[in-house]
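J.: File name structure-v6.tsv; file contents TSV, C-alpha atoms and all ligand atoms; full text below.
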chain	number	residue	atom	x	y	z
A	31	MET	CA	47.10	107.99	44.76
A	32	PRO	CA	48.49	111.07	42.96
A	33	ASP	CA	50.83	110.45	40.04
A	34	PRO	CA	54.30	111.00	41.59
A	35	PHE	CA	53.80	108.11	43.98
A	36	ARG	CA	55.74	105.17	42.64
A	37	LEU	CA	55.40	101.62	43.71
A	38	TYR	CA	57.79	99.35	45.59
A	39	PRO	CA	60.70	98.91	45.15
A	40	ALA	CA	61.15	102.41	43.64
A	41	THR	CA	59.42	103.62	46.76
A	42	ARG	CA	60.62	102.31	50.06
A	43	LEU	CA	59.27	104.55	52.82
A	44	ARG	CA	61.71	103.01	55.27
A	45	ARG	CA	64.59	104.84	53.53
A	46	ASN	CA	63.50	108.01	55.30
A	47	ARG	CA	63.44	106.24	58.63
A	48	THR	CA	66.93	104.76	58.57
A	49	SER	CA	68.77	107.27	60.75
A	50	GLU	CA	68.14	109.87	63.41
A	51	SER	CA	69.26	112.64	61.06
A	52	ILE	CA	66.84	111.83	58.26
A	53	ARG	CA	64.03	111.21	60.74
A	54	LYS	CA	64.64	114.67	62.21
A	55	LEU	CA	64.81	116.23	58.76
A	56	VAL	CA	61.45	114.91	57.60
A	57	ALA	CA	59.60	115.29	60.91
A	58	GLU	CA	56.35	117.11	60.17
A	59	ASN	CA	55.74	118.30	63.72
A	60	THR	CA	57.78	119.24	66.75
A	61	VAL	CA	57.04	120.06	70.34
A	62	THR	CA	59.11	122.63	72.22
A	63	PRO	CA	58.92	124.31	75.64
A	64	ALA	CA	57.54	127.39	73.86
A	65	ASP	CA	54.35	125.39	73.20
A	66	PHE	CA	53.53	124.98	76.87
A	67	ILE	CA	51.21	126.66	79.32
A	68	TRP	CA	52.03	125.35	82.79
A	69	PRO	CA	49.03	125.01	85.16
A	70	LEU	CA	49.82	125.63	88.83
A	71	PHE	CA	47.74	125.38	92.00
A	72	VAL	CA	47.95	128.13	94.62
A	73	VAL	CA	47.27	127.67	98.33
A	74	ASP	CA	47.33	130.05	101.30
A	75	GLY	CA	50.38	130.19	103.57
A	76	THR	CA	54.15	130.29	103.16
A	77	GLY	CA	56.68	127.60	102.34
A	78	ILE	CA	53.96	125.16	101.31
A	79	ARG	CA	54.42	122.42	98.68
A	80	ASP	CA	51.53	120.09	99.23
A	81	GLU	CA	51.39	117.15	96.80
A	82	VAL	CA	48.01	116.42	95.21
A	83	SER	CA	47.37	112.76	96.01
A	84	THR	CA	45.63	112.02	92.71
A	85	MET	CA	48.33	113.86	90.73
A	86	PRO	CA	51.70	112.67	92.02
A	87	GLY	CA	54.42	115.14	91.07
A	88	VAL	CA	52.00	118.10	91.14
A	89	HIS	CA	51.78	120.34	94.20
A	90	ARG	CA	49.61	123.04	95.68
A	91	LEU	CA	52.02	125.93	96.25
A	92	SER	CA	51.96	128.95	98.47
A	93	VAL	CA	52.63	132.26	96.71
A	94	ASP	CA	56.34	132.36	97.70
A	95	GLN	CA	56.88	128.88	96.22
A	96	LEU	CA	54.89	129.79	93.16
A	97	ALA	CA	57.22	132.72	92.53
A	98	LYS	CA	60.10	130.23	92.41
A	99	GLU	CA	58.26	128.11	89.85
A	100	ALA	CA	57.80	131.25	87.75
A	101	ASP	CA	61.59	131.68	87.77
A	102	ARG	CA	61.90	128.04	86.72
A	103	ALA	CA	59.42	128.52	83.89
A	104	ALA	CA	61.48	131.44	82.60
A	105	GLU	CA	64.69	129.37	82.79
A	106	LEU	CA	63.06	126.47	80.98
A	107	GLY	CA	61.63	128.65	78.21
A	108	ILE	CA	57.99	128.08	79.15
A	109	PRO	CA	56.15	131.26	78.09
A	110	ALA	CA	52.94	130.94	80.13
A	111	LEU	CA	51.52	129.88	83.49
A	112	ALA	CA	47.88	129.15	84.31
A	113	LEU	CA	46.89	129.75	87.93
A	114	PHE	CA	44.22	127.90	89.91
A	115	PRO	CA	43.39	128.56	93.57
A	116	TYR	CA	42.70	126.12	96.37
A	117	THR	CA	40.21	128.17	98.36
A	118	ASP	CA	39.73	127.57	102.05
A	119	PRO	CA	36.21	126.14	102.59
A	120	SER	CA	35.48	128.92	105.10
A	121	LEU	CA	35.73	131.45	102.23
A	122	LYS	CA	33.21	129.66	100.02
A	123	ASN	CA	29.55	130.63	99.72
A	124	PRO	CA	26.65	130.18	97.25
A	125	THR	CA	27.63	133.10	95.01
A	126	GLY	CA	31.41	132.68	95.22
A	127	THR	CA	32.05	136.24	96.44
A	128	GLU	CA	35.72	135.45	97.08
A	129	ALA	CA	36.12	135.49	93.27
A	130	LEU	CA	35.56	139.25	93.45
A	131	ASN	CA	38.04	139.89	96.26
A	132	SER	CA	40.96	141.65	94.64
A	133	ASP	CA	43.19	140.29	97.37
A	134	ASN	CA	42.21	136.65	96.82
A	135	LEU	CA	44.90	134.02	96.27
A	136	VAL	CA	45.02	134.26	92.50
A	137	CYS	CA	45.33	138.06	92.58
A	138	GLN	CA	48.09	137.81	95.19
A	139	ALA	CA	49.87	135.24	93.03
A	140	VAL	CA	49.59	137.36	89.89
A	141	ARG	CA	51.00	140.43	91.65
A	142	ALA	CA	53.87	138.44	93.18
A	143	ILE	CA	54.89	136.86	89.87
A	144	ARG	CA	54.49	140.10	87.91
A	145	LYS	CA	57.11	141.84	90.07
A	146	ASN	CA	59.93	139.79	88.54
A	147	HIS	CA	58.35	138.62	85.29
A	148	PRO	CA	56.72	141.43	83.33
A	149	ASP	CA	56.54	139.35	80.15
A	150	LEU	CA	55.47	135.96	81.46
A	151	MET	CA	51.98	135.20	80.18
A	152	LEU	CA	49.64	134.68	83.15
A	153	VAL	CA	46.42	132.87	82.32
A	154	CYS	CA	43.70	133.00	84.98
A	155	ASP	CA	40.48	131.02	85.01
A	156	VAL	CA	37.25	132.94	85.01
A	157	ALA	CA	34.65	130.74	86.71
A	158	LEU	CA	33.14	130.54	90.17
A	159	ASP	CA	33.71	126.88	91.03
A	160	PRO	CA	36.78	127.35	93.26
A	161	TYR	CA	34.74	129.81	95.30
A	162	THR	CA	31.20	128.38	95.54
A	163	ASP	CA	30.14	126.06	98.34
A	164	HIS	CA	28.19	123.91	95.85
A	165	GLY	CA	31.16	123.55	93.47
A	166	HIS	CA	29.39	124.84	90.36
A	167	ASP	CA	30.86	127.40	87.98
A	168	GLY	CA	27.85	129.69	88.32
A	169	VAL	CA	25.14	130.82	90.71
A	170	LEU	CA	22.13	128.62	91.35
A	171	ASP	CA	18.40	129.06	91.50
A	172	GLY	CA	17.37	125.77	93.08
A	173	ASP	CA	19.23	123.26	90.93
A	174	VAL	CA	19.48	125.50	87.87
A	175	ILE	CA	22.70	127.33	87.02
A	176	MET	CA	21.62	130.86	86.14
A	177	ASN	CA	23.31	131.97	82.94
A	178	ASP	CA	23.00	135.75	82.78
A	179	GLU	CA	23.35	136.33	86.52
A	180	THR	CA	26.55	134.29	86.37
A	181	VAL	CA	27.88	136.24	83.39
A	182	ASP	CA	27.49	139.50	85.36
A	183	LEU	CA	29.76	138.07	88.08
A	184	LEU	CA	32.25	136.64	85.59
A	185	VAL	CA	32.64	140.07	83.99
A	186	LYS	CA	33.55	141.53	87.39
A	187	GLN	CA	35.93	138.65	88.10
A	188	ALA	CA	37.68	139.15	84.75
A	189	LEU	CA	38.12	142.90	85.37
A	190	ILE	CA	39.61	142.28	88.81
A	191	LEU	CA	42.09	139.79	87.34
A	192	ALA	CA	43.08	142.26	84.62
A	193	GLU	CA	43.51	145.06	87.18
A	194	ASN	CA	45.90	142.88	89.14
A	195	GLY	CA	48.15	142.15	86.18
A	196	CYS	CA	46.64	139.10	84.54
A	197	ASP	CA	47.22	139.45	80.78
A	198	THR	CA	45.00	136.54	79.68
A	199	VAL	CA	41.62	135.78	81.20
A	200	ALA	CA	40.32	132.29	80.52
A	201	PRO	CA	36.57	131.82	81.00
A	202	SER	CA	36.12	128.13	81.79
A	203	ASP	CA	32.51	128.27	82.87
A	204	MET	CA	30.69	127.58	79.56
A	205	MET	CA	27.93	130.15	80.16
A	206	ASP	CA	26.41	131.55	76.96
A	207	GLY	CA	27.47	135.06	75.99
A	208	ARG	CA	30.27	135.46	78.48
A	209	ILE	CA	33.05	136.12	75.99
A	210	GLY	CA	31.21	139.06	74.44
A	211	ALA	CA	30.29	140.50	77.84
A	212	ILE	CA	33.86	140.21	79.11
A	213	ARG	CA	35.34	141.68	75.91
A	214	THR	CA	32.99	144.68	76.09
A	215	ALA	CA	33.87	145.31	79.73
A	216	LEU	CA	37.62	145.00	79.09
A	217	GLU	CA	37.41	147.51	76.22
A	218	LYS	CA	35.32	149.91	78.26
A	219	ASN	CA	37.77	149.80	81.16
A	220	GLY	CA	40.91	150.37	79.11
A	221	PHE	CA	42.16	146.76	79.01
A	222	ARG	CA	42.52	146.74	75.25
A	223	ASN	CA	45.36	144.25	75.19
A	224	THR	CA	44.05	141.82	77.76
A	225	ARG	CA	43.60	138.55	75.93
A	226	ILE	CA	40.69	136.18	76.26
A	227	CYS	CA	41.54	132.50	76.01
A	228	ALA	CA	38.08	130.95	75.77
A	229	TYR	CA	37.48	127.47	77.03
A	230	ALA	CA	35.33	127.27	73.91
A	231	ALA	CA	34.75	123.54	73.54
A	232	LYS	CA	34.78	122.24	77.08
A	233	TYR	CA	33.19	118.87	77.65
A	234	ALA	CA	31.45	117.49	80.73
A	235	SER	CA	34.28	115.06	81.40
A	236	CYS	CA	35.21	112.66	84.17
A	237	PHE	CA	38.85	113.41	83.38
A	238	TYR	CA	38.66	116.56	85.55
A	239	GLY	CA	38.43	114.46	88.72
A	240	PRO	CA	41.99	114.99	90.02
A	241	PHE	CA	41.79	118.74	89.32
A	242	ARG	CA	38.67	119.02	91.44
A	243	GLU	CA	40.52	117.31	94.23
A	244	ALA	CA	43.46	119.70	93.78
A	245	VAL	CA	41.29	122.82	94.09
A	246	GLY	CA	38.96	121.28	96.66
A	247	SER	CA	35.80	121.56	94.56
A	248	GLN	CA	35.19	117.81	94.29
A	249	ALA	CA	33.89	117.36	97.82
A	250	ALA	CA	31.71	120.42	97.40
A	251	LEU	CA	30.25	119.53	94.01
A	252	ARG	CA	26.52	118.83	94.03
A	253	GLY	CA	25.35	116.96	90.94
A	254	ASP	CA	27.24	117.33	87.66
A	255	LYS	CA	28.02	120.00	85.07
A	256	ARG	CA	26.14	118.60	82.11
A	257	SER	CA	23.72	121.52	81.86
A	258	TYR	CA	26.58	123.82	80.84
A	259	GLN	CA	29.58	121.75	79.73
A	260	MET	CA	29.32	119.93	76.40
A	261	ASP	CA	28.09	116.42	75.70
A	262	PRO	CA	31.04	114.15	74.74
A	263	ALA	CA	28.83	112.79	71.94
A	264	ASN	CA	29.01	116.05	69.96
A	265	SER	CA	31.52	117.61	67.62
A	266	ASP	CA	29.52	119.87	65.25
A	267	GLU	CA	28.37	121.69	68.38
A	268	ALA	CA	32.00	122.33	69.28
A	269	LEU	CA	32.47	124.23	66.01
A	270	HIS	CA	29.37	126.28	66.81
A	271	GLU	CA	30.73	127.10	70.28
A	272	VAL	CA	34.12	128.09	68.86
A	273	ALA	CA	32.56	130.22	66.09
A	274	LEU	CA	30.55	132.20	68.65
A	275	ASP	CA	33.52	132.72	70.95
A	276	ILE	CA	35.66	134.02	68.08
A	277	GLN	CA	32.87	136.40	67.02
A	278	GLU	CA	32.47	137.60	70.59
A	279	GLY	CA	36.16	138.48	70.84
A	280	ALA	CA	38.22	135.47	71.93
A	281	ASP	CA	41.93	135.67	71.02
A	282	LEU	CA	42.63	132.00	71.62
A	283	VAL	CA	40.22	129.09	71.73
A	284	MET	CA	40.64	125.99	73.82
A	285	VAL	CA	39.53	122.40	73.49
A	286	LYS	CA	39.29	120.39	76.68
A	287	PRO	CA	40.01	117.59	77.56
A	288	GLY	CA	42.85	116.87	75.14
A	289	LEU	CA	43.82	113.39	74.04
A	290	PRO	CA	40.31	111.86	73.88
A	291	TYR	CA	39.25	114.94	71.86
A	292	LEU	CA	42.00	115.22	69.23
A	293	ASP	CA	39.32	115.07	66.52
A	294	ILE	CA	37.83	118.27	67.92
A	295	ILE	CA	41.21	120.03	67.98
A	296	TYR	CA	41.76	118.97	64.39
A	297	ARG	CA	38.36	120.18	63.21
A	298	VAL	CA	38.63	123.50	65.06
A	299	LYS	CA	42.07	124.26	63.62
A	300	GLN	CA	41.04	123.23	60.10
A	301	GLU	CA	37.81	125.21	60.19
A	302	PHE	CA	38.93	128.46	61.81
A	303	GLY	CA	42.73	128.62	61.62
A	304	VAL	CA	42.92	130.65	64.84
A	305	PRO	CA	45.30	130.07	67.77
A	306	THR	CA	44.06	126.83	69.25
A	307	VAL	CA	44.98	125.55	72.68
A	308	ALA	CA	44.65	121.97	73.90
A	309	TYR	CA	44.24	121.19	77.59
A	310	GLN	CA	45.80	117.89	78.62
A	311	VAL	CA	43.70	117.71	81.77
A	312	SER	CA	44.39	116.36	85.22
A	313	GLY	CA	42.96	112.88	84.55
A	314	GLU	CA	45.16	112.53	81.47
A	315	TYR	CA	48.19	113.51	83.51
A	316	ALA	CA	47.21	111.06	86.23
A	317	MET	CA	46.75	108.20	83.78
A	318	ILE	CA	50.24	108.57	82.35
A	319	GLU	CA	51.91	109.31	85.68
A	320	MET	CA	50.24	106.47	87.58
A	321	ALA	CA	50.82	103.95	84.78
A	322	ALA	CA	54.49	104.95	84.67
A	323	ARG	CA	54.81	104.66	88.46
A	324	GLU	CA	53.36	101.15	88.22
A	325	GLY	CA	55.96	100.29	85.57
A	326	CYS	CA	53.35	99.88	82.80
A	327	ILE	CA	54.75	102.53	80.44
A	328	ASP	CA	57.84	104.69	80.01
A	329	ARG	CA	56.98	108.03	81.57
A	330	GLU	CA	59.22	110.25	79.43
A	331	ARG	CA	58.27	108.67	76.14
A	332	ALA	CA	54.57	108.60	77.01
A	333	MET	CA	54.51	112.27	77.92
A	334	LEU	CA	56.43	113.42	74.83
A	335	GLU	CA	54.36	111.22	72.52
A	336	ALA	CA	51.09	112.57	73.92
A	337	LEU	CA	52.33	116.17	73.67
A	338	LEU	CA	53.45	115.67	70.08
A	339	ALA	CA	50.03	114.23	69.23
A	340	PHE	CA	48.45	117.56	70.20
A	341	LYS	CA	50.74	119.40	67.80
A	342	ARG	CA	50.00	116.92	65.01
A	343	ALA	CA	46.26	117.44	65.54
A	344	GLY	CA	46.75	121.19	65.06
A	345	ALA	CA	47.16	122.64	68.55
A	346	ASP	CA	49.35	125.75	68.77
A	347	ALA	CA	49.78	125.48	72.52
A	348	ILE	CA	49.20	122.88	75.22
A	349	LEU	CA	48.18	123.32	78.82
A	350	THR	CA	49.99	120.47	80.51
A	351	TYR	CA	51.01	119.53	84.04
A	352	PHE	CA	54.03	117.89	82.40
A	353	ALA	CA	55.30	121.31	81.25
A	354	PRO	CA	58.39	121.59	83.50
A	355	PHE	CA	59.35	117.92	83.13
A	356	ALA	CA	58.85	117.87	79.37
A	357	ALA	CA	60.63	121.22	78.94
A	358	ALA	CA	63.65	120.00	80.89
A	359	LEU	CA	63.81	116.86	78.75
A	360	LEU	CA	63.46	118.75	75.49
A	361	ASN	CA	66.08	121.32	76.52
A	362	ASN	CA	68.56	118.55	77.33
A	363	ARG	CA	68.08	116.96	73.95
A	364	SER	CA	68.70	119.99	71.80
B	1	LIG	C1	36.98	125.07	86.43
B	1	LIG	C2	38.00	124.25	85.72
B	1	LIG	C3	38.06	122.85	85.66
B	1	LIG	C4	39.26	122.55	85.01
B	1	LIG	C5	39.86	123.76	84.63
B	1	LIG	N1	39.05	124.81	85.07
B	1	LIG	C6	37.22	121.79	86.28
B	1	LIG	C7	35.79	121.73	85.97
B	1	LIG	O1	35.28	122.34	85.03
B	1	LIG	O2	35.12	121.03	86.73
B	1	LIG	C8	39.78	121.16	84.77
B	1	LIG	C9	41.24	121.04	84.54
B	1	LIG	C10	41.83	119.69	84.70
B	1	LIG	O3	41.12	118.67	84.93
B	1	LIG	O4	43.06	119.60	84.62
B	1	LIG	N2	35.91	125.54	85.73
Let me see whether you can do it: turn the structure in this file into structure tokens.
T.:
Amino acid sequence: MPDPFRLYPATRLRRNRTSESIRKLVAENTVTPADFIWPLFVVDGTGIRDEVSTMPGVHRLSVDQLAKEADRAAELGIPALALFPYTDPSLKNPTGTEALNSDNLVCQAVRAIRKNHPDLMLVCDVALDPYTDHGHDGVLDGDVIMNDETVDLLVKQALILAENGCDTVAPSDMMDGRIGAIRTALEKNGFRNTRICAYAAKYASCFYGPFREAVGSQAALRGDKRSYQMDPANSDEALHEVALDIQEGADLVMVKPGLPYLDIIYRVKQEFGVPTVAYQVSGEYAMIEMAAREGCIDRERAMLEALLAFKRAGADAILTYFAPFAAALLNNRS
């Protein structure tokens, strides 16, 4: 122990825990609505709020409903939304061509939200899995996900999103070299300020299950994603992934899932000191929400404690399905 540390009874650490005011004063970390990116699911139609059965409290929304949630985000002080489409199975095919339709659901959603919210950050996934009939993030040759052929399509997808008003493209596919390819294409096409939020350390995780149900890719998925998403056994490799994505032009780097991977968030932030985003994924949301509904834990305290843990680990921002609930709670407190 360094010198200034004195022993009991000169030192009683409980003195600084005796009242709410001193606890607030010495708190090392805080979580606020400004830390949140709110993920939302978009579905075709009007007036639709369709609850995701594995994620109670989370809905697939038609574009008109989504626009209302954007207003709510602005009121709550949430600076960013992340948009994910539920694609009708009839629009899916092996190469995910709907991803390149500039009138697809995500593009419609971006345009609708942009009308009233020029400054709201809109984060859009770049990956083919909502659009392929086999549920993989890339194109296949037999059972093999083809890296470079996929990157060519992802570049086009990213440009289309940028053209429609998306300010932050978020490649979630884990192909090699895609950040550099997308950055080059954005520069060449005049999108100098379009950010890339790289899903840099994305693990092959079972915690994505409810998300895949929400976007309808679960039923479609053939096999698993272990040939492109990372092995949960590894953490040095995560630093390698993040280093490459920063070099290739990422503005923000993401670690995903969140809570079981706090060590990765910590290492990434310590090592690189760049804006680091944690994704509290669908399975993490479901665990807290379902446990609370069964009366096992206190929902509000569990969600705020988990969110604070991300900040303590070093995350600058958190993608969380709890965003509107947590923001409302935090706003009421202050
Ligand atoms: C698609 C994508 C996934 C998630 C975000 N983008 C699923 C996957 O990779 O299979 C998961 C998000 C969540 O579980 O909340 N590439």
J.: From the list A:His164, A:Arg79, A:His147, A:Lys341, which residue is nearest ligand LIG 1 (chain B) when using all atoms listed in the file?
T.: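 The shortest atom-to-atom distance to ligand LIG 1 (chain B) comes from A:His164.
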J.: Show me which residues sit within 7 Å of ligand LIG 1 (chain B) when counting only C-alpha atoms and all ligand atoms, and put them as a list of chain:residue names.
T.: A:Asp155, A:Ala157, A:Asp159, A:Asp167, A:Ser202, A:Asp203, A:Phe237, A:Tyr238, A:Gly239, A:Pro240, A:Phe241, A:Arg242, A:Gln310, A:Val311, A:Ser312, A:Gly313
J.: So how many Å separate CA of Glu319 in chain A and CA of Asp346 in chain A, to one decimal?
T.: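 Here the two named atoms are 23.7 Å from each other.
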J.: Neighbouring residues of range 81-97 of chain A were defined as those with any atom within 9 Å, considering all atoms listed in the file; residues of the same chain fewer than 3 positions away were excluded. Please report them as a tab-separated table (two decimals) with C-alpha atoms, in the coordinates of the input.
T.:
chain	number	residue	atom	x	y	z
A	70	LEU	CA	49.82	125.63	88.83
A	71	PHE	CA	47.74	125.38	92.00
A	72	VAL	CA	47.95	128.13	94.62
A	73	VAL	CA	47.27	127.67	98.33
A	74	ASP	CA	47.33	130.05	101.30
A	75	GLY	CA	50.38	130.19	103.57
A	76	THR	CA	54.15	130.29	103.16
A	77	GLY	CA	56.68	127.60	102.34
A	78	ILE	CA	53.96	125.16	101.31
A	100	ALA	CA	57.80	131.25	87.75
A	101	ASP	CA	61.59	131.68	87.77
A	102	ARG	CA	61.90	128.04	86.72
A	115	PRO	CA	43.39	128.56	93.57
A	116	TYR	CA	42.70	126.12	96.37
A	135	LEU	CA	44.90	134.02	96.27
A	136	VAL	CA	45.02	134.26	92.50
A	138	GLN	CA	48.09	137.81	95.19
A	139	ALA	CA	49.87	135.24	93.03
A	142	ALA	CA	53.87	138.44	93.18
A	143	ILE	CA	54.89	136.86	89.87
A	146	ASN	CA	59.93	139.79	88.54
A	239	GLY	CA	38.43	114.46	88.72
A	240	PRO	CA	41.99	114.99	90.02
A	241	PHE	CA	41.79	118.74	89.32
A	243	GLU	CA	40.52	117.31	94.23
A	244	ALA	CA	43.46	119.70	93.78
A	245	VAL	CA	41.29	122.82	94.09
A	312	SER	CA	44.39	116.36	85.22
A	313	GLY	CA	42.96	112.88	84.55
A	315	TYR	CA	48.19	113.51	83.51
A	316	ALA	CA	47.21	111.06	86.23
A	319	GLU	CA	51.91	109.31	85.68
A	320	MET	CA	50.24	106.47	87.58
A	351	TYR	CA	51.01	119.53	84.04
A	352	PHE	CA	54.03	117.89	82.40
J.: What's around range 326-333 of chain A at 12 Å? Count only C-alpha atoms, leave out sequence neighbours fewer than 2 positions away in its own chain, and write the answer as a PyMOL selection string.
T.: chain A and resi 61+289+310+314-324+335-340+350-360
J.: What is the distance between CA of Val307 in chain A and CA of Gly288 in chain A, in Å to one decimal?
T.: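 Atom-to-atom, CA of Val307 in chain A to CA of Gly288 in chain A, that is 9.3 Å.
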J.: Go through A:Arg363, A:Arg225, A:Arg45, A:Lys145 and flag the residue nearest Thr198 in chain A, using only C-alpha atoms for the distances.
T.: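 With only C-alpha atoms as the atom set, the closest residue is A:Arg225.
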J.: Work out how far CA of Ser132 in chain A is from CA of Asp182 in chain A, in Å to one decimal.
T.: 16.5 Å
J.: Name the closest residue to Pro160 in chain A among the candidates A:Ala228, A:Leu251, A:Ile212, A:Val140; distances are taken between atoms, counting all atoms listed in the file.
T.: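 Of all the options, A:Leu251 lies closest to Pro160 in chain A.
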J.: Find the residues around Cys227 in chain A up to 7 Å (all atoms listed in the file counted), leave out those fewer than 3 positions away in its own chain, and share them as a PDB file with C-alpha atoms, in the coordinates of the input.
T.:
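In the end it all went to selection_21.pdb:
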ATOM      1  CA  THR A 198      45.000 136.540  79.680  1.00  0.00           C
ATOM      2  CA  VAL A 199      41.620 135.780  81.200  1.00  0.00           C
ATOM      3  CA  ALA A 200      40.320 132.290  80.520  1.00  0.00           C
ATOM      4  CA  ALA A 280      38.220 135.470  71.930  1.00  0.00           C
ATOM      5  CA  ASP A 281      41.930 135.670  71.020  1.00  0.00           C
ATOM      6  CA  LEU A 282      42.630 132.000  71.620  1.00  0.00           C
ATOM      7  CA  VAL A 283      40.220 129.090  71.730  1.00  0.00           C
ATOM      8  CA  MET A 284      40.640 125.990  73.820  1.00  0.00           C
TER       9      MET A 284
END
J.: Would you compute the box with edges along x, y and z of the file around range 124-131 of chain A, including every atom the file lists for it and 8 Å extra on each side, and give its centre and edge lengths in Å to one decimal, as lines of an AutoDock Vina configuration file?
T.:
center_x = 32.3
center_y = 135.0
center_z = 95.3
size_x = 27.4
size_y = 25.7
size_z = 20.0
J.: Using only C-alpha atoms, which residue out of A:Asp293, A:Glu193, A:Glu278, A:Asp65 lies closest to Pro305 in chain A?
T.: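 Selected residue with least distance to Pro305 in chain A: A:Asp65.
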J.: With all atoms listed in the file as the counted atoms, please give the residues lying no more than 9 Å from Asn131 in chain A, apart from itself and same-chain residues fewer than 4 positions off, as a list of chain:residue names.
T.: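 Non-adjacent residues within range: A:Thr127, A:Cys137, A:Gln187, A:Ile190.
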J.: Using all atoms listed in the file, pick whichever of A:Asp197, A:Val169, A:Asn361, A:Gly207 has the shortest atom-to-atom distance to Asp149 in chain A.
T.: A:Asp197
